[in-house]
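The block underneath contains the structure these notes are about, expressed in structure tokens.
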Amino acid sequence: MKQRLFPFALLLIIVAAMGCNRPSPEKTNPAATITTNDCGQATDSVNRVMASWSVAQEDMAAYEKLCKSHGEEIPVKGYTIRAVDLLAAMGMPPALADSPDCRFKHIRVYIGYRKKMGFKLYISPVDGACLKGSDPSKWQAGMDVLLDKHANPVPAGIDTPRLTSLNTYVLDLNAPCPKTCPEPPLQFR
């Protein structure tokens, strides 16, 4: 019995010593708990997600038609999102929204629909919007900004008639589930 007790006691001492060397939970870095990966997006090209503005308009009209065919009013055509919200969601300092590096302070996402592909989500920068304060009646929608073939902003708003003949684009950032969604859905850390 004594021969078995010594290795067991030695094992307990080693485990206890290892436990003492670990940082206490209050001293751990919360950022270290977030899983990191080597996605390498900086070298990826935005051009692969560009969609022609005319195609996006067709898909947005198809979405409206789909809603109406089901006897529904068009619930939402799009959403305006503040840069500060996007930065916070990406874990970046929201103060960057007011830095010169953040050229556009808002983006707008539009819902579209294409048969055999399903729902689409188109994104464009927005210039001159202001969603400040608690009274939405004082907010300013701003103007959508289209992109050229190099993903540079075109200096005229979407409502400018001459843009229909130009090669202008929005971003088609639709990455539908299930391939790009966690299993089970809505996993949070």
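Ligands are numbered from 1 in the order shown, residues from 1 within each chain, and chains are lettered A, B, ... in the order they appear in the structure tokens.
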Write out as a list in words the residues lying within 12 Å of Lys132 (chain A), counting only C-alpha atoms and excluding same-chain residues fewer than 2 positions away.
->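 That gives Ile81, Arg82, Val84, Lys105, His106, Ala129, Cys130, Ser134, Asp135, Pro136, Ser137, Lys138, Trp139, Gln140 and Ala141 of chain A.
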Quick one: everything within 10 Å of Pro94 (chain A), counting only C-alpha atoms, minus sequence neighbours fewer than 5 positions away in the same chain. Send it as a PyMOL selection string.
-> chain A and resi 83-89+99
Could you give me the residues within region 25-166 of chain A that DSSP places in strand (DSSP E), as a VMD selection string?
-> chain A and resid 50 to 52 78 to 82 106 to 114 118 to 127 143 to 147 153 to 157
Compile the contact shell of Glu58 (chain A) as a list in words: residues with an atom at most 12 Å away, counting only C-alpha atoms, same-chain residues fewer than 6 positions apart removed.
-> Ala51, Ser52, Glu64, Lys65, Tyr110, Ile111, Gly112, Tyr113, Arg114, Lys115, Lys120 and Tyr122 of chain A
For His150 (chain A), which residue among A:Val109, A:Met50, A:Ala95, A:Met90 is the nearest when counting only C-alpha atoms?
->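 For His150 (chain A), the nearest of the candidates is A:Met50.
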Near Ile107 (chain A), within 6 Å and counting only C-alpha atoms, which residues show up once chain neighbours fewer than 5 positions away are dropped, as a count of residues only?
-> 5
Can you work out which one of A:Leu171, A:Ala56, A:Ala61, A:Val145 has the shortest atom-to-atom distance to Arg103 (chain A), counting only C-alpha atoms?
->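 So, comparing all the options, the nearest one is A:Val145.
Distances here use only C-alpha atoms; by that measure, the residue among A:Asn174, A:Phe104, A:Phe119, A:Ser45 closest to Pro153 (chain A) is A:Phe104.
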State, in Å with one decimal place, the distance from CA of Ala151 (chain A) to CA of Asp172 (chain A).
-> 12.2 Å
Atomic distance CA of Val55 (chain A) - CA of Lys68 (chain A), expressed in Å with one decimal |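 These atoms are spaced 20.0 Å apart.
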If you count only C-alpha atoms, which residues fall within 10 Å of Pro155 (chain A), apart from same-chain ones fewer than 3 positions away, as a list in words?
->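 Result of the neighbour search: Asp127, Val145, Leu146, Leu147, Asp148, Asn152 and Ile158 of chain A.
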